[in-house]
Structure formats: C-alpha cells, structure tokens
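Q: Structure incoming, see below.
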Amino acid sequence: MFTPLITHDSDGTALAAPVDAVRRNGATYKTRTIDDLRIKDDRLRAAIEGTGHLLFDGGMGTMLQAAGMKAGALPELLNFEEPQVITDIQRQYVEAGCDVITANTFGANAHKLDGAATVADVFAAAVTCARAAGAHYVAGDIGPIGALLRPLGTLSFDEAYDLFAEEVRAGVAAGVDLFIIETMTDLAEIKAAVLACRENSDLPVFATMTFEEDGRTFLGTSPEVAAITLDAIGADVLGINCSQGPAELRGLAARMLTVTDKPVMVQANAGLPHVDDDGNTVFDIQAPEYAEAVAGMIADGVSVVGGCCGTTPAHMAALRTLIDNHTPSPRHRKPSMSVTSAQTVVDLPCDGHKIAVIGERINPTGKKRLQQALRDGDLDYVVSQGISQQEQGADILDVNVGLPEIDEVKIIQQATEQLQGSTLLPLQIDSTDPAAVEAAVRRYAGKPIINSVNGKQQIMDEIFPLVAHYGTNVVGLTLDEGGIPDTAEARFAIAEHIVAEAARYGIGPDRILIDCLVMTASTNQRQAEQILRAMSLCKERLGVKCALGVSNISFGLPARPLLGSVFLAAAFGAGLDAPIMNPGSKRFMDTVYSYRVLSVEDEGSTGYIERYAGWTDPYKIAANPAAAQAASTDTVPAAGTAGTDDPIRRMVVSGRKGEIAAETERLLADHDAMDLINNHFIPALDEVGVLFDQGKFFLPQLMASAEAARVGFDTIKRLMPAGEIADKGKICVATVKGDIHDIGKNIVKMLLDNYGYTVFDLGRDVDPQEVLKTVKERDIKLVGLSALMTTTVVAMEETIKLLHAEVPGVKIIVGGAVLTPEYAKQIGADYYAKDAAESARIAEEVFGQ
C-alpha cells in the first residue's frame, strides 16, 4: 500500500531535505524528467525525447486465435503451457522489424489470474519467451483489471494501485525494458497504473487509452483529457490503441498532439472484425492500406507506431518502411493552463484572456447546513452543492471539507470521489492539511488544482512536492511569515518568490494561479486598488494566471452582490482569470457573461444572447413591476430547470439521490405508484438516455441518474403493498464463456433494474448451457450477452445458436467493445446495443410488442 508523503520528523520539525531527496516507496516527489529514467540505449532515449521513431509489435490475441488457441483460454497461461507458440509469434514480429516486443502479460494481474498462476511467474515466463524471440526491447504489458473503480464500481483506487504495483515489480524482476499500459477506458484506472509504474520502477512508461466511435472512452474521456492527464502524471509516451482502424484514429491522435509535447503513439486495429464463411473472426484492412493510413499519422507528428487486434507481422513490416530513415518533426504546443475532470477540459491559454468560474460553495466556513452534513457524513448534500453550481454556470468546483472535528483526510477523499461520479466539472482541492490534499489529488481522475501554497517556506516545502509528483496546478497566495502585505509591490514580491520556488520542482508558470488576496473594503478601502495593481504586475511580469475570492470585498457592507459585481468587473479589466465566487449569484454571473462578450471569449455573443434573450430591465419598474421584481433577485436558476415543475424529473436527471427518497414518499400521498413510475421516473430516465446519446451526459452521469432512480424505486417498493407494482418483464444477462470482463454487463443490469425489469444476472464466464437452463426455468423472453475479447465471440455465437435452437421465441441482445452491428448480425443476434441506454430502449421495444 502506498504511504503518503511525510514532511515532518517525529518531533514535528519540518524536513529540510533537497527536493530530489524527498522520497517515499522509491518515488521521487518532483516533476519527472527523462534523466530520472533507466533507459536501455540511445535509440529508446530518442523515442522518449520525440526525436526518433519506435515500432511496437501487432495483435497477439488474434495471432494466438489464428494459431488455434481455444475459446476461453487465458492467453497468459500459454507462457507455461505452449511457450514455443508464443515465441514463434513474437519472432515473426522481430523478423518484420519491430523494435519492441510486448510480453504476453496483458491480463496478468491477480484479479484476472484468480489463482491460476502467480503474477511473478507469468511475467518471468512471458519475458523469457520474448527474449527467446530475439526482442531488442521487451515491454511489460499491463491491461485493465476487469472491474470498475469507485464510484461506478466497487474496486478502490488503492486496490487497483496494489494490483498494478504487483505487476510492475514482477516486470522489473523479470527484466523488462519498459512498460506499456494499454486498452484502458477509465482515467482513474490508468492513473493508478502509471503511478504504480513510476513509484515501483525507474523504467519508461508508455500509456494508451482506447476510444469509441464517438471519440471518447467508455467512461467519456476525450483524447485531450487523456493526453493532458497522462502527461501531467508522468507518462513518458502516451496515445491510443485498439477499438478502431488507423484512419479513424488519426483524427483522435491529432487532437492529442495539440495538447502535449510528449511523444504520441498509436496502435490501431486492422479495421473492424467480422466472421468469415468458416466461422473465423477476421479483419478487413490489409498491410498496404494500414500503412497508408498510418503514414498520415506520422506526417501529423505521431512518432511511435504499432498495431492491435488483427494486425500481423506483414502490417508491421509495412510500417517499418515508413519510419526507416525518417525523423519526427519537432512539436511545440501552445502553452496554457489546463484543468481536467475525467470528461471535461477547462483551458486557459497563456496567449489569451479566458475566464473560468471557480464555484466556492463547497466550503463549510459560515455554512451551518454544510457543516452539519459533513459532521453527519452526508456526502449526498455535498454532491448536491456541486451539481447546483454546475447547473448555475461554474467551470471548476472548489472542494473544502475542513472542520476540526472530522477526519478530513477520509472525507475529502470520499467527497472528491463522489463529485467525480455526479458532475462533469474539474475540481480544485482546497485544504491546509497536506495529507488531505494528497489523499484527494492522488485518487483524482484528471488534472486538478491544489488550493493552495503561500510564501511561507514550510508550506511550500509541504505542497510543492505534491504538485510536482501528481502534475497538478496550484494556487499561490500572496502572504508569508510576515502576513498579508499592504502594497501591490510587496504582494508581487511574494508571488515572485512562489514562482521561483516552484521552478525548483519543475513547476512552470503555466501551472500557477496567483491569488493576491481580496480584503474587505469596509475596513480598508484603499486595499482594493492595491489588490488589482498587484494582480496586473503578476500577469505582466510572471506570466501566471490569477485567481481572486471576489466576494470578500463586500464583507460587512449592505447590497453585497452589487459591490462585489462592480469589483469583479474591475478585476477582469486588471487581468483576472479565475474568480472564486458563488455561481448562484445572478449579479456575479451577469458580469461574467457580459465580460465574456467584451473579451471576445464569447465569440459572436452566442452565449450572451442565449442567456439574455427576452431579458427584462429590472430598473423599468413602472413598466412591469412583477417582471422587474423577478429580474432583480440575486439567484441564478439551475440550467434546464426553467418551467420545470416535476421534482422527480429534476432529481433523476441531475442524479440527486440524497433528495429523491423524501420527495418520492411525499408524492406517493397523492399519486398511484405505477403512475409515478410510468409518468415521472421512466420519462426522466428516457431524458437521461437522450442526453447520453447527444454527448451531453457520459457514463458517470448516466449511472448517477440510474442510482437516483433506484433510490426512488426502492422507496416505492418499500411503501407499496406486494404486487401493486407491475413487473415489466424478465431479462437474463451474462458475460459469455471464457470472458471475465463484466463491466458493461453490470451497467446494463443496473439500468434495466431501474426501468422496472426483473434482471437475472448470471455473472461472467457463463457456459451456454447455463444460460439455456435459466431461460427455460425462468421463462425469459430477452437475453443480454456481453463479450470484450475477440477470442470469446465464438462462445457468444455458440450461445446464440443454442438459444435459438432450443427456445425459438427468445430475443438476444449482444454488446461489447469488439462487436459491431454487422458483426452481431453475422453471429445471429437479434439486436446490437452500443451502450446501456440502447439496451433499455431495446427492452422497451421487445416487451412493448
């Protein structure tokens, strides 16, 4: 288990060790550079520097299938059982000119092996096979665990980290030259894997994610988010593998190239799979066509190439001719401050002025309701505050749960986790406790902001190592051991010191927000001018972004929103980038939307027009008193709630599970249970499905809405007599024989449960006869089958044929990463579902007939 950074001796004295000597678990708490790596030779070094190409091998899984591997067999066990088969395939790739041979360890984590072999033994045998093939470089292959991390699943970040760390240690002991992390869809999971590599070895780390047809991963991560985050946490080479052909992946790789200076790699499939006349899974794109598409990527700037499913030694030989005698062109991204969640990028370019509103409402200072919620462990209330601020227009959420009587380390970790499952917004982790800061940022899926450091040396010694190690952004407060200075020049001097100290850790100005600290005008009116001037100096001389807690200016004075909004406008004129404020304040948000027009951030004034079309001037009281009164309020309505009088719809769509039980119980006093389900819950879930299809919601939001609906359904079932709630139909779901990946299947089950179906979940690695038995005994009308690996689609086809032969009336849905509508039709399925929302629509069609 990872031990957090220790910054003090047992007597409380701050450690004064040099930056590069602050180490825990072998990890250096500073920005990772190429000089920290153990690199085998100059050719590998050139590839990591981006000045040379590197060729990986192709698709081991499909090559093994072609060599006769049985459906459902664990490929990793072949390292013991048939090592010559593995070596022969890898030798073909060596002879085709591949620089890197990937060890046959893709599924060699303890969770997947499940006692069939030890992780250490699999890595040792796999590396032996690769070396015997003549590999110049052997890459330890790390694939996904096969279980969802919290909050969507039950696996914790620390458990995932431990599984990956075991693989890394095994790879180091076996003598790998580098690690390749591949086919990841969860940003939190790949972060755990990268950190495991960095903290348990000094070998280079190559990290790739796999993207769907919509340009996002299964959990909604875009290429930009993936590249920014992987760059930040220390991947040496990053990119894309699997899922699609090279022509389709070219555009996604190009998007990565715009946001990182790190080398970008791509390992595409040889197109999409289908079944040939002999029942074999085959891929359409041949070597010449594959190479032609990859040539376009290389011209764009991709420097590390290879192949995934369906690619053979012939495909790799064709790529060899592309990169021989070719040198990658230099690349330089436009500098900017980027903050990400798992789904969203907030980008503040260094050569422009763009505003990011940081919502301040998750902070217990002066908020009795939030204080009590934190004491009670009521994180649903914390999440509701995040959802509200997102709806009101915040771009980033500040998260502060600091109360002296609670376990802040535990609560901030839980709050961060749950907020990521319910909102799309990046987070700013706000704490004075370094242990709490690390607990949150370590497990955060994205690139957050740490709030904050200041000019006190002890604070910088505690926080900057965390900023460096986890690749975060940071807020610097202009105060030091002498307190908060009165003059702009003194504030600037502290900011300058903070920036210089950050540079020692490899933290550049593009990762720093300076907060010149707003003081109330009620006690010192002249401070306002000094604050704005100090901010202008920081912008002009240090090249940093600036933040301000703007509401402080009006403390102790009447009409606070009025004074605060005028100060906010002045601050924007002085260069403010990130106001920390209440997005629920109408006057503040009016100022934000108005300034975005004047700064040309809102190009064409489209956002302004959309927000203020039909606006009534609050000062024209005589003309329309009622409208004027409404317009003069200082509360921003939640986005999408105008004209909505259905609280169930609002709570389901926004995922407010903490509020829905009480509302459901209240409505049951006047509504029939089935009316509530059919006319409120189901339409709300349908709306969520539409938002999901439109790309406005992603899987975490879909799951949060489904969870809110589940709480409501459970309330109805608890309060209603047995039999009063109709069963919409019985469905059986299973992951097919030989396949242990059940993430997609579990999500489908959850959503179907919440639509009112009775779902029988047979689990994973399910024999066709077991599916047939359940269908007959339970009189099942609809079956859902899932497969992730091309090698197990044969078992899916076998299950479909058996069901259709024995139970002719049963309908079958199939889904999984390797499937397409055409592929599903070829193997005899009645329906193909690209995602869980589509499964619910298919069920409605089947049972509505």
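Going by the structure tokens order, chains are called A, B, ..., each with residues numbered from 1, while ligands are numbered from 1 in the order shown.
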Any idea what's packed within 7 Å of Ala170 (chain A), counting only C-alpha atoms, ignoring anything in its chain fewer than 6 positions away? Could you give it as a ChimeraX atom specification?

A: /A:119-120,123

Q: Which residues, written as an mmCIF file with N, CA and C atoms, in the first residue's frame, have at least one atom at most 12 Å from Glu248 (chain A), with only C-alpha atoms counted and residues fewer than 5 positions away on the same chain left out?

A:
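Result written to selection.cif:
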data_model
loop_
_atom_site.group_PDB
_atom_site.id
_atom_site.type_symbol
_atom_site.label_atom_id
_atom_site.label_comp_id
_atom_site.auth_asym_id
_atom_site.auth_seq_id
_atom_site.Cartn_x
_atom_site.Cartn_y
_atom_site.Cartn_z
ATOM 1 N N PHE A 211 -10.602 4.396 -27.511
ATOM 2 C CA PHE A 211 -11.705 5.334 -27.721
ATOM 3 C C PHE A 211 -12.775 4.724 -28.621
ATOM 4 N N GLU A 212 -14.029 5.064 -28.313
ATOM 5 C CA GLU A 212 -15.165 4.561 -29.080
ATOM 6 C C GLU A 212 -15.358 5.411 -30.349
ATOM 7 N N GLU A 213 -16.378 5.058 -31.122
ATOM 8 C CA GLU A 213 -16.647 5.773 -32.363
ATOM 9 C C GLU A 213 -16.970 7.247 -32.130
ATOM 10 N N ASP A 214 -17.509 7.568 -30.935
ATOM 11 C CA ASP A 214 -17.852 8.967 -30.650
ATOM 12 C C ASP A 214 -16.642 9.793 -30.225
ATOM 13 N N GLY A 215 -15.451 9.198 -30.245
ATOM 14 C CA GLY A 215 -14.238 9.939 -29.902
ATOM 15 C C GLY A 215 -13.979 10.026 -28.420
ATOM 16 N N ILE A 240 -2.970 6.091 -28.098
ATOM 17 C CA ILE A 240 -4.231 5.401 -28.360
ATOM 18 C C ILE A 240 -3.930 3.990 -28.850
ATOM 19 N N ASN A 241 -4.749 3.036 -28.443
ATOM 20 C CA ASN A 241 -4.653 1.702 -29.037
ATOM 21 C C ASN A 241 -6.037 1.087 -29.184
ATOM 22 N N CYS A 242 -6.135 0.089 -30.058
ATOM 23 C CA CYS A 242 -7.308 -0.753 -30.214
ATOM 24 C C CYS A 242 -8.536 0.016 -30.721
ATOM 25 N N SER A 243 -9.678 -0.603 -30.669
ATOM 26 C CA SER A 243 -11.035 -0.093 -30.902
ATOM 27 C C SER A 243 -11.383 0.216 -32.362
ATOM 28 N N ALA A 253 -5.690 11.084 -32.633
ATOM 29 C CA ALA A 253 -4.274 11.314 -32.323
ATOM 30 C C ALA A 253 -3.887 12.770 -32.573
ATOM 31 N N ALA A 254 -4.421 13.356 -33.648
ATOM 32 C CA ALA A 254 -4.129 14.765 -33.947
ATOM 33 C C ALA A 254 -4.592 15.673 -32.816
ATOM 34 N N VAL A 266 0.366 5.342 -31.497
ATOM 35 C CA VAL A 266 -0.921 4.793 -31.917
ATOM 36 C C VAL A 266 -0.722 3.341 -32.334
ATOM 37 N N GLN A 267 -1.563 2.465 -31.788
ATOM 38 C CA GLN A 267 -1.615 1.067 -32.201
ATOM 39 C C GLN A 267 -3.067 0.766 -32.567
ATOM 40 N N ALA A 268 -3.385 0.881 -33.840
ATOM 41 C CA ALA A 268 -4.763 0.718 -34.315
ATOM 42 C C ALA A 268 -5.069 -0.741 -34.616
ATOM 43 N N ASN A 269 -6.362 -1.027 -34.717
ATOM 44 C CA ASN A 269 -6.801 -2.333 -35.210
ATOM 45 C C ASN A 269 -6.716 -2.368 -36.735
ATOM 46 N N ALA A 270 -6.743 -3.565 -37.263
ATOM 47 C CA ALA A 270 -6.800 -3.715 -38.723
ATOM 48 C C ALA A 270 -8.259 -3.641 -39.170
ATOM 49 N N GLY A 271 -8.903 -2.558 -38.801
ATOM 50 C CA GLY A 271 -10.311 -2.385 -39.123
ATOM 51 C C GLY A 271 -11.212 -3.037 -38.091
ATOM 52 N N LEU A 272 -12.446 -3.311 -38.481
ATOM 53 C CA LEU A 272 -13.428 -3.924 -37.590
ATOM 54 C C LEU A 272 -13.566 -5.415 -37.904
ATOM 55 N N TYR A 290 -3.251 -0.337 -44.373
ATOM 56 C CA TYR A 290 -2.935 0.027 -42.993
ATOM 57 C C TYR A 290 -1.767 1.018 -42.953
ATOM 58 N N ALA A 293 -2.628 4.597 -44.081
ATOM 59 C CA ALA A 293 -3.321 5.390 -43.070
ATOM 60 C C ALA A 293 -2.372 5.833 -41.966
ATOM 61 N N VAL A 294 -1.472 4.945 -41.547
ATOM 62 C CA VAL A 294 -0.508 5.284 -40.503
ATOM 63 C C VAL A 294 0.468 6.353 -41.001
ATOM 64 N N GLY A 296 -0.223 8.928 -42.671
ATOM 65 C CA GLY A 296 -0.839 10.214 -42.373
ATOM 66 C C GLY A 296 -0.623 10.626 -40.928
ATOM 67 N N MET A 297 -0.699 9.672 -40.011
ATOM 68 C CA MET A 297 -0.448 9.980 -38.598
ATOM 69 C C MET A 297 0.993 10.428 -38.384
#

Q: Between A:Val275, A:Lys737, A:Gly482, A:Ala415, which residue has the minimum interatomic distance to Lys825 (chain A), considering only C-alpha atoms?

A: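 Closest to Lys825 (chain A) of all the choices is A:Val275.
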
Q: Extract, using only C-alpha atoms, all DNA, RNA and protein residues at most 12 Å from Leu152 (chain A), discarding same-chain residues fewer than 5 positions from it, and format them as a list in words.

A: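 So, after excluding close chain neighbours, the residues are Ala147, Phe157, Asp186, Ala188, Glu189, Leu219, Glu417, Gln418, Leu419, Gln420, Gly421, Ser422, Leu699, Pro700, Gln701, Leu702, Met703, Ala704, Ser705, Ala706, Glu707, Ile743, Gly744, Asn746, Ile747 and Met750 of chain A.
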
Q: Any idea what the distance is between CA of Val711 (chain A) and CA of Val733 (chain A)?

A: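 The value is 22.2 Å.
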
Q: Could you give me, as a PDB file with C-alpha atoms, in the first residue's frame, the residues within 12 Å of Glu481 (chain A), counting only C-alpha atoms and dropping anything in the same chain fewer than 6 positions from it?

A:
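Output file result01.pdb follows:
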ATOM      1  CA  ASN A 454       1.804  30.661   0.037  1.00  0.00           C
ATOM      2  CA  GLY A 455       5.142  32.348   0.604  1.00  0.00           C
ATOM      3  CA  LYS A 456       5.835  30.526   3.887  1.00  0.00           C
ATOM      4  CA  GLN A 457       8.752  28.174   3.334  1.00  0.00           C
ATOM      5  CA  GLN A 458       7.239  25.344   5.358  1.00  0.00           C
ATOM      6  CA  ILE A 459       4.048  25.413   3.296  1.00  0.00           C
ATOM      7  CA  MET A 460       5.977  25.402   0.016  1.00  0.00           C
ATOM      8  CA  ILE A 494       5.830  37.168  -2.564  1.00  0.00           C
TER       9      ILE A 494
END

Q: How would you write, as a PyMOL selection string, the set of residues in region 382-466 of chain A that DSSP gives as alpha helix (DSSP H)?

A: chain A and resi 382-392+408-422+434-442+457-466

Q: Write out as JSON, numbers by chain the residues lying within 9 Å of region 763-775 of chain A, counting only C-alpha atoms and excluding same-chain residues fewer than 3 positions away.

A: {"A": [72, 731, 732, 733, 734, 735, 736, 737, 738, 739, 740, 741, 742, 745, 746, 760, 778, 779, 780, 781, 782, 783, 786, 795, 796, 798, 799, 800, 802, 803, 806, 807, 810]}

Q: When DSSP is applied to the backbone of this structure, which of region 639-748 of chain A are assigned strand (DSSP E)? Write them out as number ranges by chain.

A: A: 730-735

Q: Take the residues that were just selected and, keeping N, CA and C atoms, output them as a PDB file, in the first residue's frame.

A:
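Saved the output as out.pdb:
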ATOM      1  N   LYS A 730     -39.009 -10.099 -17.663  1.00  0.00           N
ATOM      2  CA  LYS A 730     -37.829 -10.780 -17.134  1.00  0.00           C
ATOM      3  C   LYS A 730     -36.725 -10.831 -18.190  1.00  0.00           C
ATOM      4  N   ILE A 731     -35.519 -10.478 -17.754  1.00  0.00           N
ATOM      5  CA  ILE A 731     -34.361 -10.429 -18.651  1.00  0.00           C
ATOM      6  C   ILE A 731     -33.215 -11.184 -17.996  1.00  0.00           C
ATOM      7  N   CYS A 732     -32.457 -11.909 -18.776  1.00  0.00           N
ATOM      8  CA  CYS A 732     -31.257 -12.603 -18.301  1.00  0.00           C
ATOM      9  C   CYS A 732     -30.035 -11.946 -18.946  1.00  0.00           C
ATOM     10  N   VAL A 733     -28.994 -11.675 -18.155  1.00  0.00           N
ATOM     11  CA  VAL A 733     -27.751 -11.092 -18.698  1.00  0.00           C
ATOM     12  C   VAL A 733     -26.571 -11.954 -18.261  1.00  0.00           C
ATOM     13  N   ALA A 734     -25.549 -12.020 -19.117  1.00  0.00           N
ATOM     14  CA  ALA A 734     -24.366 -12.825 -18.815  1.00  0.00           C
ATOM     15  C   ALA A 734     -23.201 -12.383 -19.674  1.00  0.00           C
ATOM     16  N   THR A 735     -21.998 -12.530 -19.125  1.00  0.00           N
ATOM     17  CA  THR A 735     -20.777 -12.426 -19.923  1.00  0.00           C
ATOM     18  C   THR A 735     -20.428 -13.838 -20.380  1.00  0.00           C
TER      19      THR A 735
END

Q: Just to confirm, what's the straight-line distance from CA of Val176 (chain A) to CA of Gly140 (chain A) in Å (one decimal)?

A: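 A separation of 5.8 Å between them.
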
Q: Interatomic distance between CA of Val518 (chain A) and CA of Arg596 (chain A)?

A: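 Value for the CA of Val518 (chain A)-CA of Arg596 (chain A) distance: 22.2 Å.
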